[in-house]
Each structure stands twice: as structure tokens, then as C-alpha cells.
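Take a look at the structure below.
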Amino acid sequence: MSDLVIDKLSMRFDLPGGGSVQALKDVSLHLKQGELLSVLGPSGCGKTTLLNIVAGFLAPTEGAITLNDKRVLEPGPERGMVFQQGALFEWMNVRENVGFGPSMKGMPRAEKREKVDYLLDIVGLGDFKEKAVYELSGGMQQRVALARCLCNEPDVILMDEPLGALDALTREKMQGLVLKLWKETGKTIILITHSVEEALLLGERLLVMAPRPGRIHKEYNLPFAEMGVDADLREVKKHPDFNSVREEILTMIWDMEEEIMGRTEAAS
């Protein structure tokens, strides 16, 4: 089982002029294979720091992360990252971008081509295989980024605000695609977002983090991601529980922001 275990994780950043910032404090989480987790909270709560530690980009000050019973110490192919911007290679076409990982692994050309074409069909880009990435819209570029991530066959997909730069209609379509890929591939997904609505729609589990130091404030287990796999997301949003949980979380985050502002004003 490809379980991800975060054990008493803390992260402190030392400042050049002295002093430090405690970005995370005693964060623990057990994510089972195939779970979809969304993480949100006010600015400064350590969401992206947590994701970067899981990715292996940062080493924590304290605590540990294990995946498949192996400690995470650096980036690795078992963890795929999808950024807010596609981070695609503009000198390559769509097919070459998606097949970059398998090319680096020396996968036979015919096998790689079959795999890439299959994934591009899944994300709705079967007719755009030979296009340059700069010819694609932002939403299409994010579809390429998702297909490229899946082509490397990671156990865990890490998403840092992957839909934040998209217009409302494209964002909703991409939310549906994320749910479809989650259900069809059985991948474990961690999604960072600033949108409470998106966190509710895409989070089978949802963490609300509190800032300074960043820590888990509350966890929810929600039915909306499962509902959204086979239903119109706009219909899911009409569910009475969706609205009540959204208002509860919005109030929670608003109160945190007010507390942060109060601290800032008191210190000035």
C-alpha cells in the first residue's frame, strides 16, 4: 500500500538578520492510497511549505515523511507535482512534453507513444498532440501538465493551486477532470487551494490549517468529491450540506484573518 505518513512535521525558517519564522508545527497526517486531500487556510498557514516538503524540495526542521515505508529525503518519481502554471517545455510540442519522463527513463518509442496518446485522449487533447504548447489556452496547458505527471506513474500527485489562474468556466471543467482522473487512476492526490468551494468539491478529506505556526486546525471527511465524479458539479454545489460547510469554513478562515490583522496592528 502506498500510504503517505506525515509524522510530527515542523519547519522553521531562519531569517538573515536574526530571528526565525515557524512555518509549520507538529503536523501529523496519515493519507491512505487513493485518497484525495484538499488543504486550505489563510495566507501564511504553511500550505505550500507542507507540499514542498512532501515533494522533497525542502527538508523539515523536525519530523519525517514516509511513502511506501521509505523516508522522503529528496524529490523522486513516486511523487509528481502540478504547479499553478504548467511549467511546460515551450520548445517541445504537446506529445513531447507528456512523454518527457518516459524518454528520460529510456522507454521504447512505440510503448511511449501508445502511453502518451492514451493519456492525451483521457484529458481531451487527442487532436492537439503535435501542437506547440504556446498555441494552447491556459486550461489546455494544465491538461498537458496533468497528462505529463500521470505519464511518470507517480504514487502521489501534488497540486499547488493548479487551477488558480484559470477563468471560472475552464476551472469548473478542470475540477471535473481532476475528479475523473482521481477515480480512474486510483492515485493519491494532495491539492492546495485558496478557494473554499474548490476545496469542498475536490476534497474527499479536507484540512483547514491555522497560521503562525502552521498547523492542522480542523479536518473534514466529505461526500462531495465522490458525488462529483458522476454528477454536474453545479448540482453538487446545491446540496444543503455543501452550503452549510462552506459557510462554516469561511467563517473559520475569516476569524483567523481577523486575528492575524489584530496581531499586526498591535505590533505596529
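Ordering of the C-alpha cells sets the chain letters (A, B, ...), residue numbers begin anew at 1 in every chain, and ligands are numbered from 1 in the order given.
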
| query | If you count only C-alpha atoms, which residues fall within 7 Å of range 73-85 of chain A, apart from same-chain ones fewer than 6 positions away, as a PyMOL selection string? | reply | chain A and resi 55-57+59+145-146+149+152+154-165

For all heavy atoms, I'd like the residues from the last selection saved as a tab-separated table (two decimals), in the first residue's frame.
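Result went into result.tsv, see below:
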```tsv
chain	number	residue	atom	x	y	z
A	55	ALA	N	7.07	16.99	-1.42
A	55	ALA	CA	7.70	16.82	-2.73
A	55	ALA	C	9.19	16.53	-2.62
A	55	ALA	O	9.80	16.00	-3.56
A	55	ALA	CB	7.48	18.07	-3.58
A	56	GLY	N	9.78	16.87	-1.47
A	56	GLY	CA	11.21	16.67	-1.29
A	56	GLY	C	12.03	17.90	-1.65
A	56	GLY	O	13.27	17.84	-1.67
A	57	PHE	N	11.37	19.04	-1.92
A	57	PHE	CA	12.08	20.27	-2.25
A	57	PHE	C	12.68	20.94	-1.01
A	57	PHE	O	13.64	21.69	-1.11
A	57	PHE	CB	11.14	21.26	-2.95
A	57	PHE	CG	10.54	20.75	-4.23
A	57	PHE	CD1	9.30	21.20	-4.66
A	57	PHE	CD2	11.21	19.83	-5.03
A	57	PHE	CE1	8.74	20.73	-5.84
A	57	PHE	CE2	10.66	19.36	-6.20
A	57	PHE	CZ	9.41	19.81	-6.61
A	59	ALA	N	13.75	20.30	3.27
A	59	ALA	CA	13.96	19.36	4.38
A	59	ALA	C	13.36	19.95	5.64
A	59	ALA	O	13.66	21.10	5.99
A	59	ALA	CB	15.45	19.10	4.57
A	145	ALA	N	-0.06	19.39	-18.45
A	145	ALA	CA	0.72	19.19	-17.22
A	145	ALA	C	0.22	17.99	-16.43
A	145	ALA	O	1.01	17.22	-15.89
A	145	ALA	CB	0.66	20.46	-16.36
A	146	LEU	N	-1.10	17.82	-16.38
A	146	LEU	CA	-1.67	16.65	-15.70
A	146	LEU	C	-1.28	15.35	-16.40
A	146	LEU	O	-0.89	14.38	-15.76
A	146	LEU	CB	-3.19	16.77	-15.65
A	146	LEU	CG	-3.80	17.56	-14.50
A	146	LEU	CD1	-5.30	17.77	-14.74
A	146	LEU	CD2	-3.57	16.86	-13.18
A	149	CYS	N	2.33	14.54	-15.75
A	149	CYS	CA	2.50	14.00	-14.40
A	149	CYS	C	2.08	12.53	-14.36
A	149	CYS	O	2.80	11.68	-13.83
A	149	CYS	CB	1.68	14.83	-13.42
A	149	CYS	SG	1.80	14.28	-11.70
A	152	ASN	N	4.40	9.74	-15.76
A	152	ASN	CA	5.52	9.27	-14.94
A	152	ASN	C	5.07	8.23	-13.90
A	152	ASN	O	5.91	7.73	-13.14
A	152	ASN	CB	6.18	10.45	-14.23
A	152	ASN	CG	6.91	11.36	-15.20
A	152	ASN	OD1	7.54	10.89	-16.13
A	152	ASN	ND2	6.80	12.66	-14.99
A	154	PRO	N	3.35	8.37	-10.94
A	154	PRO	CA	3.66	8.59	-9.53
A	154	PRO	C	2.63	7.91	-8.64
A	154	PRO	O	1.49	7.66	-9.07
A	154	PRO	CB	3.57	10.12	-9.39
A	154	PRO	CG	2.54	10.51	-10.41
A	154	PRO	CD	2.76	9.56	-11.57
A	155	ASP	N	3.00	7.63	-7.40
A	155	ASP	CA	2.03	7.13	-6.43
A	155	ASP	C	1.18	8.26	-5.88
A	155	ASP	O	0.01	8.06	-5.56
A	155	ASP	CB	2.76	6.43	-5.27
A	155	ASP	CG	3.53	5.20	-5.73
A	155	ASP	OD1	3.01	4.47	-6.58
A	155	ASP	OD2	4.65	5.00	-5.24
A	156	VAL	N	1.80	9.44	-5.76
A	156	VAL	CA	1.13	10.60	-5.18
A	156	VAL	C	1.25	11.78	-6.15
A	156	VAL	O	2.35	12.06	-6.65
A	156	VAL	CB	1.76	10.99	-3.82
A	156	VAL	CG1	1.06	12.22	-3.24
A	156	VAL	CG2	1.67	9.83	-2.84
A	157	ILE	N	0.14	12.47	-6.40
A	157	ILE	CA	0.14	13.67	-7.22
A	157	ILE	C	-0.05	14.87	-6.30
A	157	ILE	O	-1.02	14.94	-5.54
A	157	ILE	CB	-0.98	13.62	-8.28
A	157	ILE	CG1	-0.76	12.45	-9.24
A	157	ILE	CG2	-1.04	14.93	-9.06
A	157	ILE	CD1	-1.87	12.26	-10.25
A	158	LEU	N	0.88	15.82	-6.37
A	158	LEU	CA	0.85	17.03	-5.56
A	158	LEU	C	0.46	18.20	-6.44
A	158	LEU	O	1.09	18.44	-7.48
A	158	LEU	CB	2.22	17.27	-4.93
A	158	LEU	CG	2.82	16.08	-4.17
A	158	LEU	CD1	4.26	16.36	-3.78
A	158	LEU	CD2	1.98	15.75	-2.94
A	159	MET	N	-0.56	18.93	-6.04
A	159	MET	CA	-1.08	20.04	-6.84
A	159	MET	C	-1.05	21.33	-6.04
A	159	MET	O	-1.71	21.43	-5.00
A	159	MET	CB	-2.51	19.74	-7.30
A	159	MET	CG	-2.65	18.54	-8.20
A	159	MET	SD	-4.36	18.32	-8.74
A	159	MET	CE	-4.15	17.18	-10.10
A	160	ASP	N	-0.28	22.31	-6.52
A	160	ASP	CA	-0.17	23.59	-5.84
A	160	ASP	C	-0.95	24.64	-6.61
A	160	ASP	O	-0.47	25.20	-7.60
A	160	ASP	CB	1.31	23.99	-5.73
A	160	ASP	CG	1.50	25.23	-4.85
A	160	ASP	OD1	0.54	25.65	-4.20
A	160	ASP	OD2	2.62	25.76	-4.83
A	161	GLU	N	-2.17	24.91	-6.18
A	161	GLU	CA	-3.05	25.89	-6.84
A	161	GLU	C	-3.08	25.65	-8.36
A	161	GLU	O	-2.90	26.58	-9.14
A	161	GLU	CB	-2.56	27.31	-6.56
A	161	GLU	CG	-2.85	27.82	-5.16
A	161	GLU	CD	-4.29	28.31	-5.03
A	161	GLU	OE1	-4.96	28.58	-6.04
A	161	GLU	OE2	-4.75	28.41	-3.89
A	162	PRO	N	-3.33	24.42	-8.82
A	162	PRO	CA	-3.19	24.14	-10.25
A	162	PRO	C	-4.24	24.81	-11.12
A	162	PRO	O	-4.05	24.95	-12.32
A	162	PRO	CB	-3.33	22.62	-10.32
A	162	PRO	CG	-4.21	22.29	-9.15
A	162	PRO	CD	-3.78	23.24	-8.07
A	163	LEU	N	-5.36	25.23	-10.52
A	163	LEU	CA	-6.44	25.81	-11.30
A	163	LEU	C	-6.65	27.29	-11.00
A	163	LEU	O	-7.58	27.91	-11.49
A	163	LEU	CB	-7.75	25.05	-11.03
A	163	LEU	CG	-7.66	23.51	-11.05
A	163	LEU	CD1	-9.02	22.89	-10.80
A	163	LEU	CD2	-7.09	23.03	-12.38
A	164	GLY	N	-5.76	27.86	-10.18
A	164	GLY	CA	-5.96	29.22	-9.69
A	164	GLY	C	-5.93	30.29	-10.76
A	164	GLY	O	-6.54	31.35	-10.60
A	165	ALA	N	-5.20	30.06	-11.86
A	165	ALA	CA	-5.05	31.09	-12.89
A	165	ALA	C	-6.09	30.98	-14.00
A	165	ALA	O	-6.06	31.76	-14.96
A	165	ALA	CB	-3.64	31.02	-13.48
```

Residues of range 113-266 of chain A in alpha helix (DSSP H), written as a tab-separated table (two decimals) with N, CA and C atoms, in the first residue's frame:
```
chain	number	residue	atom	x	y	z
A	113	ARG	N	4.85	6.15	-27.12
A	113	ARG	CA	3.86	6.81	-27.97
A	113	ARG	C	2.44	6.34	-27.62
A	114	GLU	N	2.30	5.04	-27.42
A	114	GLU	CA	0.98	4.49	-27.06
A	114	GLU	C	0.50	5.05	-25.72
A	115	LYS	N	1.41	5.13	-24.77
A	115	LYS	CA	1.06	5.63	-23.44
A	115	LYS	C	0.69	7.11	-23.48
A	116	VAL	N	1.49	7.90	-24.18
A	116	VAL	CA	1.23	9.34	-24.29
A	116	VAL	C	-0.10	9.60	-24.99
A	117	ASP	N	-0.34	8.91	-26.09
A	117	ASP	CA	-1.59	9.13	-26.83
A	117	ASP	C	-2.80	8.75	-25.98
A	118	TYR	N	-2.67	7.69	-25.21
A	118	TYR	CA	-3.76	7.26	-24.33
A	118	TYR	C	-4.09	8.36	-23.31
A	119	LEU	N	-3.05	8.91	-22.68
A	119	LEU	CA	-3.27	9.94	-21.66
A	119	LEU	C	-3.82	11.22	-22.27
A	120	LEU	N	-3.34	11.59	-23.45
A	120	LEU	CA	-3.85	12.80	-24.09
A	120	LEU	C	-5.32	12.64	-24.48
A	121	ASP	N	-5.70	11.44	-24.84
A	121	ASP	CA	-7.12	11.18	-25.12
A	121	ASP	C	-7.94	11.32	-23.83
A	122	ILE	N	-7.42	10.84	-22.73
A	122	ILE	CA	-8.13	10.91	-21.45
A	122	ILE	C	-8.37	12.37	-21.04
A	138	GLY	N	-4.69	28.45	-21.41
A	138	GLY	CA	-4.20	28.10	-20.08
A	138	GLY	C	-4.77	26.79	-19.57
A	139	GLY	N	-6.06	26.58	-19.79
A	139	GLY	CA	-6.68	25.33	-19.35
A	139	GLY	C	-6.13	24.12	-20.07
A	140	MET	N	-5.86	24.26	-21.36
A	140	MET	CA	-5.29	23.15	-22.12
A	140	MET	C	-3.86	22.86	-21.67
A	141	GLN	N	-3.11	23.91	-21.34
A	141	GLN	CA	-1.76	23.69	-20.84
A	141	GLN	C	-1.77	22.93	-19.52
A	142	GLN	N	-2.75	23.22	-18.66
A	142	GLN	CA	-2.84	22.48	-17.41
A	142	GLN	C	-3.23	21.03	-17.65
A	143	ARG	N	-4.00	20.77	-18.70
A	143	ARG	CA	-4.32	19.39	-19.06
A	143	ARG	C	-3.05	18.65	-19.50
A	144	VAL	N	-2.20	19.34	-20.24
A	144	VAL	CA	-0.92	18.75	-20.64
A	144	VAL	C	-0.08	18.45	-19.40
A	145	ALA	N	-0.06	19.39	-18.45
A	145	ALA	CA	0.72	19.19	-17.22
A	145	ALA	C	0.22	17.99	-16.43
A	146	LEU	N	-1.10	17.82	-16.38
A	146	LEU	CA	-1.67	16.65	-15.70
A	146	LEU	C	-1.28	15.35	-16.40
A	147	ALA	N	-1.38	15.36	-17.74
A	147	ALA	CA	-1.03	14.16	-18.50
A	147	ALA	C	0.45	13.84	-18.33
A	148	ARG	N	1.32	14.86	-18.31
A	148	ARG	CA	2.75	14.63	-18.13
A	148	ARG	C	3.03	14.03	-16.76
A	149	CYS	N	2.33	14.54	-15.75
A	149	CYS	CA	2.50	14.00	-14.40
A	149	CYS	C	2.08	12.53	-14.36
A	150	LEU	N	0.93	12.21	-14.93
A	150	LEU	CA	0.42	10.84	-14.93
A	150	LEU	C	1.33	9.90	-15.73
A	151	CYS	N	1.98	10.43	-16.75
A	151	CYS	CA	2.82	9.60	-17.60
A	151	CYS	C	4.02	9.05	-16.84
A	168	ALA	N	-13.41	31.10	-14.70
A	168	ALA	CA	-14.37	30.33	-13.90
A	168	ALA	C	-14.87	29.09	-14.63
A	169	LEU	N	-15.22	29.23	-15.92
A	169	LEU	CA	-15.77	28.09	-16.66
A	169	LEU	C	-14.72	27.01	-16.88
A	170	THR	N	-13.51	27.43	-17.29
A	170	THR	CA	-12.43	26.47	-17.50
A	170	THR	C	-12.07	25.78	-16.20
A	171	ARG	N	-12.09	26.55	-15.10
A	171	ARG	CA	-11.74	25.99	-13.80
A	171	ARG	C	-12.72	24.89	-13.41
A	172	GLU	N	-14.00	25.12	-13.66
A	172	GLU	CA	-15.00	24.11	-13.32
A	172	GLU	C	-14.81	22.84	-14.15
A	173	LYS	N	-14.48	23.01	-15.43
A	173	LYS	CA	-14.23	21.84	-16.28
A	173	LYS	C	-13.01	21.06	-15.79
A	174	MET	N	-11.99	21.79	-15.38
A	174	MET	CA	-10.78	21.14	-14.88
A	174	MET	C	-11.03	20.44	-13.55
A	175	GLN	N	-11.88	21.02	-12.71
A	175	GLN	CA	-12.24	20.35	-11.45
A	175	GLN	C	-12.89	18.99	-11.75
A	176	GLY	N	-13.77	18.98	-12.74
A	176	GLY	CA	-14.38	17.71	-13.14
A	176	GLY	C	-13.36	16.72	-13.66
A	177	LEU	N	-12.35	17.22	-14.40
A	177	LEU	CA	-11.31	16.34	-14.92
A	177	LEU	C	-10.46	15.76	-13.79
A	178	VAL	N	-10.13	16.58	-12.79
A	178	VAL	CA	-9.35	16.09	-11.65
A	178	VAL	C	-10.09	14.95	-10.96
A	179	LEU	N	-11.40	15.11	-10.76
A	179	LEU	CA	-12.19	14.06	-10.13
A	179	LEU	C	-12.23	12.79	-10.99
A	180	LYS	N	-12.36	12.97	-12.29
A	180	LYS	CA	-12.38	11.83	-13.21
A	180	LYS	C	-11.05	11.07	-13.14
A	181	LEU	N	-9.93	11.80	-13.19
A	181	LEU	CA	-8.62	11.16	-13.15
A	181	LEU	C	-8.38	10.47	-11.81
A	182	TRP	N	-8.82	11.12	-10.74
A	182	TRP	CA	-8.68	10.53	-9.40
A	182	TRP	C	-9.40	9.18	-9.34
A	183	LYS	N	-10.61	9.14	-9.84
A	183	LYS	CA	-11.40	7.91	-9.76
A	183	LYS	C	-10.86	6.84	-10.70
A	184	GLU	N	-10.43	7.23	-11.89
A	184	GLU	CA	-9.99	6.25	-12.89
A	184	GLU	C	-8.59	5.70	-12.60
A	185	THR	N	-7.72	6.53	-12.01
A	185	THR	CA	-6.33	6.09	-11.81
A	185	THR	C	-6.08	5.54	-10.41
A	196	VAL	N	-12.40	28.00	-1.03
A	196	VAL	CA	-13.15	27.11	-0.15
A	196	VAL	C	-14.06	26.21	-0.97
A	197	GLU	N	-14.71	26.76	-1.97
A	197	GLU	CA	-15.61	25.98	-2.81
A	197	GLU	C	-14.86	24.86	-3.51
A	198	GLU	N	-13.68	25.16	-4.05
A	198	GLU	CA	-12.89	24.13	-4.73
A	198	GLU	C	-12.43	23.05	-3.76
A	199	ALA	N	-12.03	23.47	-2.56
A	199	ALA	CA	-11.59	22.51	-1.54
A	199	ALA	C	-12.72	21.56	-1.18
A	200	LEU	N	-13.94	22.07	-1.12
A	200	LEU	CA	-15.10	21.23	-0.81
A	200	LEU	C	-15.41	20.27	-1.95
A	201	LEU	N	-15.32	20.76	-3.18
A	201	LEU	CA	-15.65	19.93	-4.34
A	201	LEU	C	-14.63	18.82	-4.55
A	202	LEU	N	-13.35	19.10	-4.30
A	202	LEU	CA	-12.29	18.17	-4.65
A	202	LEU	C	-11.69	17.43	-3.46
A	224	PHE	N	-18.62	15.17	-1.20
A	224	PHE	CA	-18.86	15.91	-2.44
A	224	PHE	C	-17.96	15.48	-3.59
A	225	ALA	N	-16.72	15.09	-3.31
A	225	ALA	CA	-15.84	14.62	-4.38
A	225	ALA	C	-16.40	13.36	-5.02
A	226	GLU	N	-16.84	12.42	-4.20
A	226	GLU	CA	-17.43	11.19	-4.73
A	226	GLU	C	-18.70	11.49	-5.52
A	227	MET	N	-19.52	12.42	-5.01
A	227	MET	CA	-20.73	12.82	-5.71
A	227	MET	C	-20.40	13.45	-7.07
A	228	GLY	N	-19.32	14.24	-7.10
A	228	GLY	CA	-18.97	14.99	-8.30
A	228	GLY	C	-18.39	14.15	-9.42
A	229	VAL	N	-18.01	12.92	-9.13
A	229	VAL	CA	-17.44	12.06	-10.17
A	229	VAL	C	-18.47	11.80	-11.27
A	230	ASP	N	-19.71	11.58	-10.88
A	230	ASP	CA	-20.75	11.23	-11.85
A	230	ASP	C	-21.86	12.27	-11.98
A	233	LEU	N	-21.13	19.35	-11.37
A	233	LEU	CA	-20.61	20.00	-10.17
A	233	LEU	C	-21.52	21.12	-9.68
A	234	ARG	N	-22.24	21.75	-10.59
A	234	ARG	CA	-23.17	22.80	-10.16
A	234	ARG	C	-24.33	22.22	-9.35
A	235	GLU	N	-24.70	20.99	-9.66
A	235	GLU	CA	-25.74	20.32	-8.86
A	235	GLU	C	-25.20	19.94	-7.49
A	236	VAL	N	-23.93	19.53	-7.44
A	236	VAL	CA	-23.32	19.18	-6.15
A	236	VAL	C	-23.32	20.41	-5.24
A	237	LYS	N	-23.03	21.58	-5.81
A	237	LYS	CA	-22.97	22.81	-5.03
A	237	LYS	C	-24.32	23.19	-4.43
A	240	PRO	N	-27.57	21.01	0.33
A	240	PRO	CA	-27.65	21.86	1.54
A	240	PRO	C	-26.43	21.73	2.45
A	241	ASP	N	-25.86	20.53	2.53
A	241	ASP	CA	-24.67	20.35	3.38
A	241	ASP	C	-23.47	21.09	2.81
A	242	PHE	N	-23.41	21.20	1.47
A	242	PHE	CA	-22.31	21.92	0.84
A	242	PHE	C	-22.28	23.37	1.30
A	243	ASN	N	-23.43	24.00	1.27
A	243	ASN	CA	-23.52	25.41	1.66
A	243	ASN	C	-23.23	25.61	3.14
A	244	SER	N	-23.71	24.70	3.97
A	244	SER	CA	-23.51	24.88	5.41
A	244	SER	C	-22.04	24.71	5.79
A	245	VAL	N	-21.36	23.71	5.19
A	245	VAL	CA	-19.94	23.51	5.48
A	245	VAL	C	-19.12	24.66	4.91
A	246	ARG	N	-19.49	25.14	3.72
A	246	ARG	CA	-18.78	26.28	3.14
A	246	ARG	C	-18.84	27.49	4.06
A	247	GLU	N	-20.02	27.80	4.56
A	247	GLU	CA	-20.15	28.96	5.45
A	247	GLU	C	-19.38	28.76	6.75
A	248	GLU	N	-19.37	27.54	7.25
A	248	GLU	CA	-18.63	27.26	8.48
A	248	GLU	C	-17.13	27.50	8.28
A	249	ILE	N	-16.60	27.02	7.14
A	249	ILE	CA	-15.17	27.17	6.88
A	249	ILE	C	-14.82	28.62	6.56
A	250	LEU	N	-15.66	29.29	5.81
A	250	LEU	CA	-15.42	30.70	5.51
A	250	LEU	C	-15.34	31.52	6.79
A	251	THR	N	-16.25	31.27	7.71
A	251	THR	CA	-16.24	31.98	8.99
A	251	THR	C	-14.98	31.66	9.77
A	252	MET	N	-14.58	30.40	9.75
A	252	MET	CA	-13.37	29.95	10.44
A	252	MET	C	-12.14	30.69	9.92
A	253	ILE	N	-12.00	30.74	8.57
A	253	ILE	CA	-10.84	31.39	7.98
A	253	ILE	C	-10.90	32.90	8.16
A	254	TRP	N	-12.10	33.47	8.07
A	254	TRP	CA	-12.26	34.91	8.28
A	254	TRP	C	-11.81	35.29	9.70
A	255	ASP	N	-12.19	34.50	10.68
A	255	ASP	CA	-11.80	34.76	12.06
A	255	ASP	C	-10.28	34.69	12.22
A	256	MET	N	-9.65	33.73	11.52
A	256	MET	CA	-8.19	33.63	11.57
A	256	MET	C	-7.55	34.88	10.97
A	257	GLU	N	-8.07	35.33	9.83
A	257	GLU	CA	-7.53	36.52	9.19
A	257	GLU	C	-7.67	37.75	10.09
A	258	GLU	N	-8.82	37.85	10.77
A	258	GLU	CA	-9.04	38.96	11.69
A	258	GLU	C	-8.03	38.93	12.84
A	259	GLU	N	-7.75	37.73	13.33
A	259	GLU	CA	-6.78	37.58	14.41
A	259	GLU	C	-5.38	37.99	13.95
A	260	ILE	N	-5.03	37.60	12.71
A	260	ILE	CA	-3.72	37.97	12.15
A	260	ILE	C	-3.62	39.50	12.02
A	261	MET	N	-4.68	40.12	11.52
A	261	MET	CA	-4.68	41.57	11.36
A	261	MET	C	-4.54	42.26	12.71
A	262	GLY	N	-5.20	41.68	13.73
A	262	GLY	CA	-5.12	42.26	15.07
A	262	GLY	C	-3.71	42.19	15.62
A	263	ARG	N	-3.03	41.06	15.37
A	263	ARG	CA	-1.64	40.93	15.81
A	263	ARG	C	-0.74	41.94	15.11
A	264	THR	N	-0.97	42.10	13.80
A	264	THR	CA	-0.14	43.02	13.01
A	264	THR	C	-0.30	44.46	13.50
A	265	GLU	N	-1.55	44.86	13.76
A	265	GLU	CA	-1.81	46.22	14.22
A	265	GLU	C	-1.23	46.45	15.61
A	266	ALA	N	-1.30	45.42	16.47
A	266	ALA	CA	-0.77	45.56	17.83
A	266	ALA	C	0.76	45.69	17.82
```

| field | Contact residues around range 5-21 of chain A with only C-alpha atoms at 12 Å, ignoring same-chain residues under 4 positions, as a PyMOL selection string | value | chain A and resi 1+25-33+44-54+58-72+156+211-216

| query | Between CA of Glu111 in chain A and CA of Glu90 in chain A, what is the distance, to one decimal in Å? | reply |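 Between these atoms lies a distance of 23.7 Å.
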
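Residues in contact with range 128-131 of chain A at up to 7 Å, not including ones fewer than 6 positions away on its chain and judged by only C-alpha atoms, are Asn93, Val94 and Arg95 of chain A.
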
| Quick one: of A:Gly124, A:Gly203, A:Gly41, A:Gly34, who's nearest to His217 in chain A, counting only C-alpha atoms? |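 Selected residue with least distance to His217 in chain A: A:Gly41.
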
| said: I'd like the interatomic distance between CA of Thr193 in chain A and CA of Asp3 in chain A, to a tenth of an Å. | reply: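 Separating CA of Thr193 in chain A from CA of Asp3 in chain A is a distance of 22.2 Å.
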
| request: Extract the full set of strand (DSSP E or B) residues from range 5-223 of chain A according to DSSP on the backbone, and format it as a PyMOL selection string. | output: chain A and resi 5-14+20-31+36-40+62-67+70-71+79-82+93+132+156-160+188-192+205-210+214-221
